[in-house]
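First the structure, in the form of structure tokens, and then the observations on it.
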Amino acid sequence: MQPPTEPRQAALRGDEDALYRRYDRELHRVVARVVRAPRELIEDACQTAWTILLRRQPDRCSVFGWLKVVAIHEAYRLSTIDRREARLERLREADGDWNEITADRRRLEDAIQALEALRLVASLPDRQRQDFTLKVAGYTYNEIADLTGGRTYTNVNKSLVKARARIRRSRSGAE
């Protein structure tokens with residue numbers, strides 16, 4: 001006989017509505033105090049805890065403690081996902097304090113600078129972008145010349161001089 005494919009759900013005890021009315025507001029308050037996250041995320045974490053309660057039917061004498069632990073763990077999990085999915089574009093345009101969204105402001109500023117540098121490199125013409133990328137990767141002028149179709153040292157040098165000049169102009173125009 002094949003084992004069941006879905007986990008078995010415990011039979012409802014009939015007191016879930018009373019538990020929800022009794023503990024829901026307090027659960028939100030406790031989780032919000034422990035986990036620094038947006039109100040909507042706290043709400044999602046608490047609702048997930050209630051859903052798991054319906055499925056698992058834990059012991060009722062310690063049900064609030066159980067709910068609290070489950071909701072806090074879920075809030076941390078959701079908060080991690082939310083931070084991971086935060087887009088630099090959205091953060092850059094945000095009017096609020098970035099410290100509320102990220103744990104380490106320096107890492108965010110480094111990421112924004114890297115994004116701006118990538119945009120500058122992407123704006124270069126194809127040949128200059130290819131040569132510049134290879135130079136940043138550590139290739140010598142002669143290696144770049146060989147890798148890009150048998151060009152000369154001078155051709156690579158001219159291309160890189162133009163690329164650097166274009167990047168400098170773009171950066172001074174942005175500031």
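All residue names refer to the structure tokens as shown: chains lettered A, B, ... in order, residues numbered from 1 in each chain, ligands numbered from 1 in order.
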
Tell me, as a short mmCIF file (atom, residue, chain, number, x, y, z; two decimals) with N, CA, C and O atoms, in the first residue's frame, which residues lie within 9 Å of Tyr141 (chain A), counting only C-alpha atoms; anything in the same chain fewer than 4 positions away does not count.
data_model
loop_
_atom_site.label_atom_id
_atom_site.label_comp_id
_atom_site.auth_asym_id
_atom_site.auth_seq_id
_atom_site.Cartn_x
_atom_site.Cartn_y
_atom_site.Cartn_z
N ASP A 131 36.81 45.86 -24.41
CA ASP A 131 38.19 46.09 -23.99
C ASP A 131 38.28 46.49 -22.52
O ASP A 131 39.12 45.99 -21.77
N LYS A 135 40.13 44.52 -19.46
CA LYS A 135 41.19 45.18 -18.69
C LYS A 135 40.88 45.12 -17.19
O LYS A 135 41.75 44.82 -16.37
N ALA A 145 44.36 42.36 -27.06
CA ALA A 145 44.50 42.42 -28.51
C ALA A 145 44.34 41.04 -29.13
O ALA A 145 43.64 40.87 -30.14
N ASP A 146 44.93 40.02 -28.53
CA ASP A 146 44.82 38.65 -29.04
C ASP A 146 43.40 38.12 -28.90
O ASP A 146 42.88 37.46 -29.80
N THR A 152 46.12 45.37 -32.57
CA THR A 152 47.44 45.76 -32.06
C THR A 152 47.30 46.37 -30.66
O THR A 152 46.21 46.75 -30.23
N TYR A 153 48.44 46.46 -30.01
CA TYR A 153 48.53 47.08 -28.69
C TYR A 153 47.97 48.50 -28.77
O TYR A 153 47.22 48.94 -27.90
N THR A 154 48.32 49.22 -29.83
CA THR A 154 47.90 50.61 -30.00
C THR A 154 46.39 50.73 -30.15
O THR A 154 45.78 51.63 -29.57
N VAL A 156 44.12 48.72 -28.91
CA VAL A 156 43.54 48.47 -27.58
C VAL A 156 43.73 49.69 -26.70
O VAL A 156 42.81 50.13 -26.01
N ASN A 157 44.92 50.28 -26.74
CA ASN A 157 45.21 51.45 -25.93
C ASN A 157 44.27 52.60 -26.28
O ASN A 157 43.69 53.24 -25.39
#

request  = Work out how far CA of Arg151 (chain A) is from CA of Gln128 (chain A), in Å to one decimal.
outcome  = 13.1 Å

Residue nearest Gln57 (chain A) among A:Ala71, A:Leu160, A:Val121, A:Leu19 (counting only C-alpha atoms) =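 Once distances to Gln57 (chain A) are computed over only C-alpha atoms, the minimum belongs to A:Leu19.
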
query = Looking only at the backbone, which of the residues in region 12-175 of chain A does DSSP tag as alpha helix (DSSP H), as a PyMOL selection string?
reply = chain A and resi 16-34+39-56+63-85+88-93+105-122+126-136+141-147+153-174

request  = Measure the distance from CA of Arg171 (chain A) to CA of Leu120 (chain A) in Å and round it to one decimal.
outcome  =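 CA of Leu120 (chain A) lies at a distance of 8.3 Å from CA of Arg171 (chain A).
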
request  = Just give me the gap between CA of Glu109 (chain A) and CA of Arg164 (chain A) in Å, one decimal is fine.
outcome  =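 Separating CA of Glu109 (chain A) from CA of Arg164 (chain A) is a distance of 22.9 Å.
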
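Comparing the minimum interatomic distances between Gly14 (chain A) and each of A:Lys162, A:Leu54, A:His73, A:Leu115, counting only C-alpha atoms, we find that A:Leu54 sits nearest.
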
message = Nearest residue to Tyr20 (chain A) out of A:Ala117, A:Asn142, A:Arg39, A:Cys46, using only C-alpha atoms?
response =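 Using only C-alpha atoms, Tyr20 (chain A) sits closest to A:Cys46.
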
Hey, what's within 10 Å of Arg60 (chain A) if we count only C-alpha atoms and toss same-chain stuff fewer than 3 positions away? As a PDB file with N, CA, C and O atoms, in the first residue's frame, please?
ATOM      1  N   ARG A  13     -10.706  20.967  17.231  1.00  0.00           N
ATOM      2  CA  ARG A  13     -11.243  20.790  18.579  1.00  0.00           C
ATOM      3  C   ARG A  13     -12.471  21.656  18.829  1.00  0.00           C
ATOM      4  O   ARG A  13     -13.112  21.528  19.856  1.00  0.00           O
ATOM      5  N   ASP A  15     -12.539  24.858  19.455  1.00  0.00           N
ATOM      6  CA  ASP A  15     -12.281  26.060  20.249  1.00  0.00           C
ATOM      7  C   ASP A  15     -11.396  27.065  19.506  1.00  0.00           C
ATOM      8  O   ASP A  15     -10.965  28.054  20.088  1.00  0.00           O
ATOM      9  N   LEU A  19     -10.076  30.829  20.662  1.00  0.00           N
ATOM     10  CA  LEU A  19      -8.635  31.094  20.793  1.00  0.00           C
ATOM     11  C   LEU A  19      -8.240  32.317  19.965  1.00  0.00           C
ATOM     12  O   LEU A  19      -7.480  33.171  20.417  1.00  0.00           O
ATOM     13  N   GLN A  57      -2.869  21.447  15.624  1.00  0.00           N
ATOM     14  CA  GLN A  57      -3.643  21.325  16.865  1.00  0.00           C
ATOM     15  C   GLN A  57      -2.732  21.064  18.078  1.00  0.00           C
ATOM     16  O   GLN A  57      -2.768  20.011  18.688  1.00  0.00           O
ATOM     17  N   VAL A  63      -0.833  27.054  24.329  1.00  0.00           N
ATOM     18  CA  VAL A  63      -1.108  27.454  22.954  1.00  0.00           C
ATOM     19  C   VAL A  63      -0.599  28.862  22.630  1.00  0.00           C
ATOM     20  O   VAL A  63      -0.084  29.097  21.534  1.00  0.00           O
ATOM     21  N   PHE A  64      -0.681  29.810  23.555  1.00  0.00           N
ATOM     22  CA  PHE A  64      -0.222  31.157  23.231  1.00  0.00           C
ATOM     23  C   PHE A  64       1.295  31.185  23.054  1.00  0.00           C
ATOM     24  O   PHE A  64       1.807  31.815  22.127  1.00  0.00           O
ATOM     25  N   GLY A  65       2.014  30.509  23.919  1.00  0.00           N
ATOM     26  CA  GLY A  65       3.471  30.428  23.756  1.00  0.00           C
ATOM     27  C   GLY A  65       3.843  29.779  22.437  1.00  0.00           C
ATOM     28  O   GLY A  65       4.764  30.217  21.741  1.00  0.00           O
ATOM     29  N   TRP A  66       3.110  28.713  22.086  1.00  0.00           N
ATOM     30  CA  TRP A  66       3.358  28.024  20.821  1.00  0.00           C
ATOM     31  C   TRP A  66       3.094  28.968  19.655  1.00  0.00           C
ATOM     32  O   TRP A  66       3.902  29.070  18.725  1.00  0.00           O
TER      33      TRP A  66
END

ask   = Quick one: of A:Arg83, A:Asp24, A:Lys68, A:Ala18, who's nearest to Leu41 (chain A), counting only C-alpha atoms?
value =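 With only C-alpha atoms as the atom set, the closest residue is A:Arg83.
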
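Each of A:Glu116, A:Arg55, A:Arg129, A:Glu26 was compared to Val161 (chain A) using only C-alpha atoms, and A:Arg129 turns out to be the nearest.
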
task = Would you mind listing what lies within 8 Å of Ile42 (chain A) as a count of residues only, with only C-alpha atoms counted and same-chain residues fewer than 3 positions away left out?
result = 9
